[in-house]
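Q: Before we start, here is the structure in question, set down as structure tokens.
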4 protein chains.
Amino acid sequence: MGYSVAVAGASGYAGGELLRLLAGHPEFDIRTVTGHSSAGRPLIESQPHLRSLAGLTLQETVPDVLDGHDVVFFALPHGASGALTDELRNVRLAVDCGADHRLADPSDWAAFYGGEHHEAWTYGVPELLVARGADPGGADPRPAEGVGAGDLPGKQREALVGASRIAAPGCNASTVALSLAPGIAAGVIEAGDLVSVLAVGPSGAGRAAKTHLLGAELMGTANPYAVGGGHRHIPEIRQALRGAGARGEPTISFTPVLVPMSRGILATSTARIAAGIDPARVREAWERAYADEPFVHLLPEGVFPRTADALGANTCLMGLAVDEAAGRVVVVAALDNLAKGTAGAAIQSANIALGLPEATGLPVDGVAP
Amino acid sequence: MGYSVAVAGASGYAGGELLRLLAGHPEFDIRTVTGHSSAGRPLIESQPHLRSLAGLTLQETVPDVLDGHDVVFFALPHGASGALTDELRNVRLAVDCGADHRLADPSDWAAFYGGEHHEAWTYGVPELLVARGADPGGADPRPAEGVGAGDLPGKQREALVGASRIAAPGCNASTVALSLAPGIAAGVIEAGDLVSVLAVGPSGAGRAAKTHLLGAELMGTANPYAVGGGHRHIPEIRQALRGAGARGEPTISFTPVLVPMSRGILATSTARIAAGIDPARVREAWERAYADEPFVHLLPEGVFPRTADALGANTCLMGLAVDEAAGRVVVVAALDNLAKGTAGAAIQSANIALGLPEATGLPVDGVAP
Amino acid sequence: MGYSVAVAGASGYAGGELLRLLAGHPEFDIRTVTGHSSAGRPLIESQPHLRSLAGLTLQETVPDVLDGHDVVFFALPHGASGALTDELRNVRLAVDCGADHRLADPSDWAAFYGGEHHEAWTYGVPELLVARGADPGGADPRPAEGVGAGDLPGKQREALVGASRIAAPGCNASTVALSLAPGIAAGVIEAGDLVSVLAVGPSGAGRAAKTHLLGAELMGTANPYAVGGGHRHIPEIRQALRGAGARGEPTISFTPVLVPMSRGILATSTARIAAGIDPARVREAWERAYADEPFVHLLPEGVFPRTADALGANTCLMGLAVDEAAGRVVVVAALDNLAKGTAGAAIQSANIALGLPEATGLPVDGVAP
Amino acid sequence: MGYSVAVAGASGYAGGELLRLLAGHPEFDIRTVTGHSSAGRPLIESQPHLRSLAGLTLQETVPDVLDGHDVVFFALPHGASGALTDELRNVRLAVDCGADHRLADPSDWAAFYGGEHHEAWTYGVPELLVARGADPGGADPRPAEGVGAGDLPGKQREALVGASRIAAPGCNASTVALSLAPGIAAGVIEAGDLVSVLAVGPSGAGRAAKTHLLGAELMGTANPYAVGGGHRHIPEIRQALRGAGARGEPTISFTPVLVPMSRGILATSTARIAAGIDPARVREAWERAYADEPFVHLLPEGVFPRTADALGANTCLMGLAVDEAAGRVVVVAALDNLAKGTAGAAIQSANIALGLPEATGLPVDGVAP
């Protein structure tokens with residue numbers, strides 16, 4: 001019969017993507033969907049592409065409606081899930097796609113979000129490298145046994161096994177963290193002067209009506225935002241890279257640019273090659289990290305991904321170049337912000353937590369052109 | 001009556017933009033337009049938006065057709081103008097929008113373009129800061145002694161006065177050079193570890209039919225190219241920044257990303273704040289450099305440009321943030337690759353060379369939304 | 001010195017386009033700009049592309065602020081201008097870009113808009129054919145002298161000379177009316193079974209934040225709306241075609257489709273060839289109607305326009321095919337909804353009303369690609 | 001084990017979509033993929049989104065390579081498959097996504113395509129209504145006597161059972177045929193004066209490099225083509241509607257418009273309500289036709305589809321309005337030209353032909369936003 005599932009915030013973009021993927025998942029039964037202003041209305045009105053779920057009706061987003069399901073996914077605006085999740089008494093697994101349970105450090109939360117800080121849940125990026133002893137955002141700390149010689153780092157996947165509370169990542173944050181963690185963990189790049197610039201689609205900003213997100217404002221133009229260190233995913237990236245074993249505090253110049261595509265993130269991340277490292281061997285760190293991953297693919301030398309190649313898929317595609325003249329590694333990573341960046345990561349993490357095969361229900365091929 | 005003008009390569013994108021701006025220029029009379037495969041055909045077939053020039057017919061791109069005009073603009077593929085411009089006997093001013101006359105150093109040409117190297121012409125970016133004694137790509141070196149009081153750098157504008165041969169800039173190169181030159185010239189940023197990532201529209205790649213530039217390949221997706229140090233504008237940027245007075249050799253990690261807009265460049269450029277520099281005073285270098293410029297505008301603190309705001313205009317809009325946590329300055333610059341990036345720069349430079357008011361015929365307002 | 005001008009509703013899309021065109025108009029001095037929620041703020045905050053007007057500040061949209069200017073342009077939401085324009089005591093020319101003064105028939109207003117009906121002002125489509133005795137929406141009725149043999153219809157231009165109150169057209173309505181009026185006026189097509197389908201950009205829907213106009217909703221997709229006869233421009237089209245001399249009541253199936261471009265209308269309009277008409281001579285009606293028009297261009301046989309060719313211009317480009325197998329004429333018309341569709345039409349009409357050369361300050365070339 | 005499958009033309013857009021869907025189909029084993037200029041290269045180079053098929057290499061498109069598979073799908077340019085399919089000796093089922101086997105009438109082929117005419121295969125639109133005795137394009141005529149009670153028309157599905165040669169439909173043609181067939185078959189609309197205007201993405205035009213299909217030509221603009229009766233899908237539509245039981249010869253004014261989305265067709269089709277028909281009962285014909293269809297959905301009154309809702313899915317979504325003032329029915333249909341329009345139709349038809357459950361491997365939910 002499968003696990004009974006509820007999706008809170010089912011009328012938004014992340015909620016819709018959760019449902020699209022869950023509808024094709026053989027082990028999850030979508031029992032309940034909730035909305036806010038759309039409660040009481042048929043789901044199909046807000047998600048007209050989900051023809052297979054045309055029979056569902058949105059309910060109120062309240063604890064009584066959500067409690068009692070095996071699994072509850074939260075796709076609510078930041079700040080909305082924290083209080084709600086405290087009320088769940090009888091839910092085997094809760095996965096929050098919002099930010100409320102991502103940051104371990106209350107001062108990070110205060111500086112970038114504000115309002116009440118909630119405990120960090122297990123971070124839902126299975127492929128993220130984790131130094132022994134560290135756990136990014138982790139509620140399931142692993143024993144510290146040193147990152148000495150011969151010790152390969154582990155992966156966040158290990159922390160997710162059996163987890164009951166999972167914080168799905170920020171889409172920009174996980175793209176950048178996956179891009180840089182292998183070099184950080186292997187010590188082949190410096191953590192102290194990272195630069196990431198991202199081309200992103202507006203669906204990551206959610207479905208609330210805002211003038212600057214109107215189609216007429218975004219078509220035919222590129223719009224930067226949160227320039228100069230203010231983006232909320234910065235502390236999440238730094239937390240993840242510390243967890244990957246950064247020597248010294250990671251610092252990152254991070255600039256997202258809205259471009260005219262509804263979905264997708266293309267993150268160009270660069271880092272200085274660490275002193276004494278042979279540039280010819282830098283690439284190995286990424287090859288080693290992702291060689292066997294089903295959903296994170298390092299492309300051959302000279303090949304770089306486009307976001308279309310990951311559209312609708314749970315895949316992060318990555319290309320890497322070593323620019324010796326500039327002294328920097330350039331990693332270009334593409335993923336679908338709603339799929340691998342949010343809903344796919346949530347379901348993949350849930351699969352692991354529940355002991356299901358990790359790839360269950362998750363597409364690896366993109367929809368292109 | 002005005003100057004008689006010919007445009008070589010009038011059937012392409014840069015040629016079309018030259019004609020659009022020249023059609024509204026009160027001092028230039030468009031007498032001759034030339035094409036390649038379209039020679040003999042009405043211009044309006046290849047430039048259906050230029051209704052005011054519907055009477056023109058494309059001629060062959062040969063010296064006999066071009067010679068004898070007061071001004072000839074070349075908008076040909078790289079490598080095509082070099083030999084042709086050598087044949088002009090009776091042309092007061094030639095402006096090349098191709099790369100053939102941009103690079104002073106033959107080894108740069110050999111490394112990034114190949115084929116015969118041609119002499120560098122006066123570089124057509126009037127607002128570019130130029131250290132005393134330096135001239136980027138310049139065939140018209142200026143004496144090192146001061147123009148104006150004190151030790152302020154000059155501008156490339158001075159070299160353009162009276163010039164007879166001008167190399168219009170690469171669109172990406174001039175965007176980045178204008179973004180970074182003020183900090184370089186003032187010594188407030190380091191030249192040795194620059195990073196630029198650009199969101200660019202495909203019109204900059206020209207009108208030749210190539211599979212990877214098809215609409216179906218580019219819509220709804222972001223596509224990086226020339227990743228890892230291979231882009232041809234890199235030596236041009238370094239040359240410009242050396243000219244602006246870089247202490248030490250400029251190095252830059254440079255990544256362009258094609259995004260779904262027909263025109264526009266949004267360049268996000270970052271540089272380390274130089275040692276001992278007060279972050280609070282970094283911005284002043286840009287304010288000083290562009291305070292009186294009609295076409296390069298530094299936006300107020302906290303405001304950043306989008307490409308739509310410069311669409312069709314000869315304007316480069318720039319926003320700047322100092323990210324103290326990352327130790328970097330972030331400069332976001334927006335321009336229209338065909339207008340300010342190519343055709344506008346060419347006409348602005350021609351205005352200066354001929355002694356016309358610099359802004360003649362050049363729009364400052366963009367077409368938005 | 002020129003006429004003193006005020007623009008009411010200057011923070012929206014139509015207001016911005018009025019200002020962009022007025023800024024380049026040699027006979028108009030922009031003295032006053034007004035907004036609603038943005039009153040008190042610098043214009044440049046809402047219109048960041050209008051660099052040349054960076055010194056202006058938005059004032060309140062109230063009669064005291066607007067009265068006393070030679071010319072006032074209204075770019076307000078439908079229903080907002082009617083009461084306001086009644087208060088103007090000392091304004092030589094008022095041009096309303098909203099719908100309030102377009103419809104002569106109160107029952108049309110009641111059926112499609114609702115609320116108080118205001119008198120119809122002179123309709124601002126100079127090139128529209130007008131049968132002798134008819135005036136679409138007109139406050140300046142012309143004497144009826146019969147549409148007998150040898151009588152060419154006049155044009156709406158005549159009614160605009162000396163007008164003091166002008167209703168700029170709906171962008172979709174004028175595109176369709178211009179497409180069909182020549183055939184209607186000449187009697188070569190039937191008025192009784194017209195079909196128009198329009199691909200339109202979302203800027204025509206205005207700048208108010210609405211969920212269904214978000215970029216993520218509109219990119220990568222085509223969205224029909226107001227299907228089945230409900231669009232508010234239908235009575236305006238019918239009124240214009242009656243004015244052009246339709247035999248019998250015009251009826252039209254009208255379907256607009258939002259497509260992913262910020263600006264532009266591409267209207268495909270078809271009509272049955274009238275009984276007894278030689279298909280080979282149908283085209284002549286359009287040739288005759290627009291032969292000498294500076295801003296409405298019939299393209300050669302086999303050539304059809306794209307919206308890019310009219311982007312930013314005051315031009316309506318039209319292609320026509322006679323489909324004998326289907327028994328229908330197909331007219332494809334392209335224009336920029338904000339330029340020729342709204343602000344350009346308003347200024348062109350104002351030029352005529354004030355006795356200025358009709359084309360003053362109006363671009364004819366588009367911005368492409 | 002499943003059926004062994006080859007895809008000819010696997011490096012193009014239709015071929016890529018076939019592979020994307022086949023990769024998720026439990027009964028088909030992709031054994032062979034062929035290309036033309038890309039033969040010998042890894043498939044992943046031309047289809048970088050198909051990560052699950054990264055191990056495949058393109059072979060030559062020759063009979064020897066293709067023969068012997070249980071099923072061969074052809075996704076070749078028009079005119080290329082005809083000769084090739086004649087050479088297959090040992091293929092249980094061939095499905096041609098090109099036009100070569102669609103048209104039964106050689107004169108239609110001569111008029112719209114030219115070159116050698118090949119026999120019509122069974123038309124691959126299972127949901128298409130078929131009058132008793134008629135079979136659109138059919139090589140497998142069914143007896144005229146009743147399938148089911150009374151005088152209801154049958155569907156093309158019946159002709160596909162056990163078929164060995166199938167012609168997948170033209171994407172535009174099937175969209176329009178599905179839109180109009182219910183009304184035609186029921187006699188509630190006239191067949192003689194149909195009008196369809198389609199907003200289409202450029203992927204339908206294939207992957208060959210052509211200037212007019214460049215991204216810079218198509219972004220931000222709407223471009224009509226084949227205006228006035230020249231589009232090659234017109235005879236296919238008329239054949240399908242004749243098959244559906246049109247009283248009198250169907251005639252259609254058909255205008256496609258390229259809009260800036262990589263995929264998708266939004267067809268707005270209108271037809272006159274037949275004389276004597278009660279407008280209030282027109283809708284019933286469509287309700288009856290598609291009530292039980294898994295992949296063709298009539299939306300509720302007042303609701304109309306957008307192409308995004310069918311993106312990547314095998315779904316055709318349809319909205320219908322009766323415009324009594326205009327005397328016309330308006331049907332707006334959305335589908336993904338590569339999915340339901342081509343590859344999905346091919347696989348759905350193959351499922352039927354082979355006796356598999358019709359919906360096997362075919363997604364019903366779209367990827368939106």
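Ordered as shown in the structure tokens, chains take letters A, B, and onward, while each chain numbers its residues from 1 and ligands are numbered from 1 in the order shown.
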What's the 6 Å shell around stretch 92-102 of chain C, counting only C-alpha atoms, without same-chain residues fewer than 2 positions away, as JSON, numbers by chain?
A: {"C": [70, 71, 72, 73, 74, 75, 78, 79, 82, 118, 119, 120, 121, 137, 164, 165, 166, 167, 168]}
Q: With chain C laid on chain A by least squares, using all C-alpha atoms in order, how large is the RMSD?
A: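 RMSD over all C-alpha atoms: 0.0 Å.
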Q: Counting only C-alpha atoms, which residue out of B:Ile189, B:Ala289, B:Leu317, B:Ala8 sits closest to B:Glu127?
A: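 Checking each of B:Ile189, B:Ala289, B:Leu317, B:Ala8 against B:Glu127, counting only C-alpha atoms, the winner is B:Ala289.
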Q: Check every residue of chain C for an atom within 9 Å of chain A, counting only C-alpha atoms, and provide those that qualify as JSON, numbers by chain.
A: {"C": [201, 202, 203, 204, 206, 207, 208, 209, 210, 211, 212, 213, 214, 215, 216, 217, 218, 219, 220, 260, 261, 262, 263]}
Q: Please return as a VMD selection string: the residues of stretch 297-342 of chain C that backbone DSSP assigns to strand (DSSP E).
A: chain C and resid 297 to 298 316 to 323 328 to 335
Q: Kindly export the residues of the current selection with N, CA and C atoms, as a short mmCIF file (atom, residue, chain, number, x, y, z; two decimals), in the first residue's frame.
A:
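As written to disk, out06.cif reads:
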data_model
loop_
_atom_site.label_atom_id
_atom_site.label_comp_id
_atom_site.auth_asym_id
_atom_site.auth_seq_id
_atom_site.Cartn_x
_atom_site.Cartn_y
_atom_site.Cartn_z
N HIS C 297 2.38 49.91 -42.67
CA HIS C 297 3.05 49.44 -43.87
C HIS C 297 2.51 48.09 -44.29
N LEU C 298 1.99 48.02 -45.50
CA LEU C 298 1.63 46.72 -46.06
C LEU C 298 2.87 46.12 -46.70
N CYS C 316 2.97 49.90 -37.49
CA CYS C 316 2.16 48.68 -37.63
C CYS C 316 2.52 48.06 -38.97
N LEU C 317 3.06 46.83 -38.92
CA LEU C 317 3.45 46.13 -40.14
C LEU C 317 2.41 45.06 -40.45
N MET C 318 2.09 44.92 -41.71
CA MET C 318 0.98 44.07 -42.08
C MET C 318 1.34 43.23 -43.30
N GLY C 319 1.00 41.95 -43.23
CA GLY C 319 1.13 41.09 -44.39
C GLY C 319 -0.24 40.53 -44.72
N LEU C 320 -0.48 40.26 -45.98
CA LEU C 320 -1.82 39.81 -46.39
C LEU C 320 -1.69 38.65 -47.37
N ALA C 321 -2.52 37.65 -47.15
CA ALA C 321 -2.59 36.54 -48.10
C ALA C 321 -4.06 36.27 -48.42
N VAL C 322 -4.29 35.90 -49.64
CA VAL C 322 -5.63 35.47 -50.04
C VAL C 322 -5.58 33.95 -50.16
N ASP C 323 -6.33 33.29 -49.30
CA ASP C 323 -6.36 31.83 -49.29
C ASP C 323 -7.61 31.40 -50.04
N ARG C 328 -10.88 32.76 -47.72
CA ARG C 328 -10.65 33.80 -46.72
C ARG C 328 -9.40 34.62 -47.03
N VAL C 329 -9.48 35.86 -46.63
CA VAL C 329 -8.30 36.71 -46.57
C VAL C 329 -7.68 36.54 -45.19
N VAL C 330 -6.36 36.46 -45.14
CA VAL C 330 -5.65 36.41 -43.87
C VAL C 330 -4.76 37.64 -43.77
N VAL C 331 -4.97 38.41 -42.73
CA VAL C 331 -4.13 39.58 -42.51
C VAL C 331 -3.37 39.37 -41.21
N VAL C 332 -2.05 39.45 -41.29
CA VAL C 332 -1.23 39.34 -40.09
C VAL C 332 -0.63 40.71 -39.82
N ALA C 333 -0.92 41.25 -38.66
CA ALA C 333 -0.43 42.58 -38.32
C ALA C 333 0.41 42.51 -37.05
N ALA C 334 1.53 43.22 -37.06
CA ALA C 334 2.42 43.26 -35.90
C ALA C 334 2.61 44.69 -35.45
N LEU C 335 2.53 44.87 -34.16
CA LEU C 335 2.89 46.17 -33.61
C LEU C 335 3.32 45.99 -32.16
#
Q: As a list in words, list the residues of stretch 145-208 of chain A assigned to alpha helix (DSSP H) by DSSP on the backbone atoms of this structure.
A: Gln156, Arg157, Glu158, Ala159, Leu160, Cys171, Asn172, Ala173, Ser174, Thr175, Val176, Ala177, Leu178, Ser179, Leu180, Ala181, Pro182, Gly183, Ile184, Ala185 and Ala186 of chain A
Q: Leaving out B:Gly24 and any residue of its chain fewer than 4 positions from it, which residues lie within 9 Å of it when counting only C-alpha atoms, given as a ChimeraX atom specification?
A: /B:19-20,28,361-362 /C:363
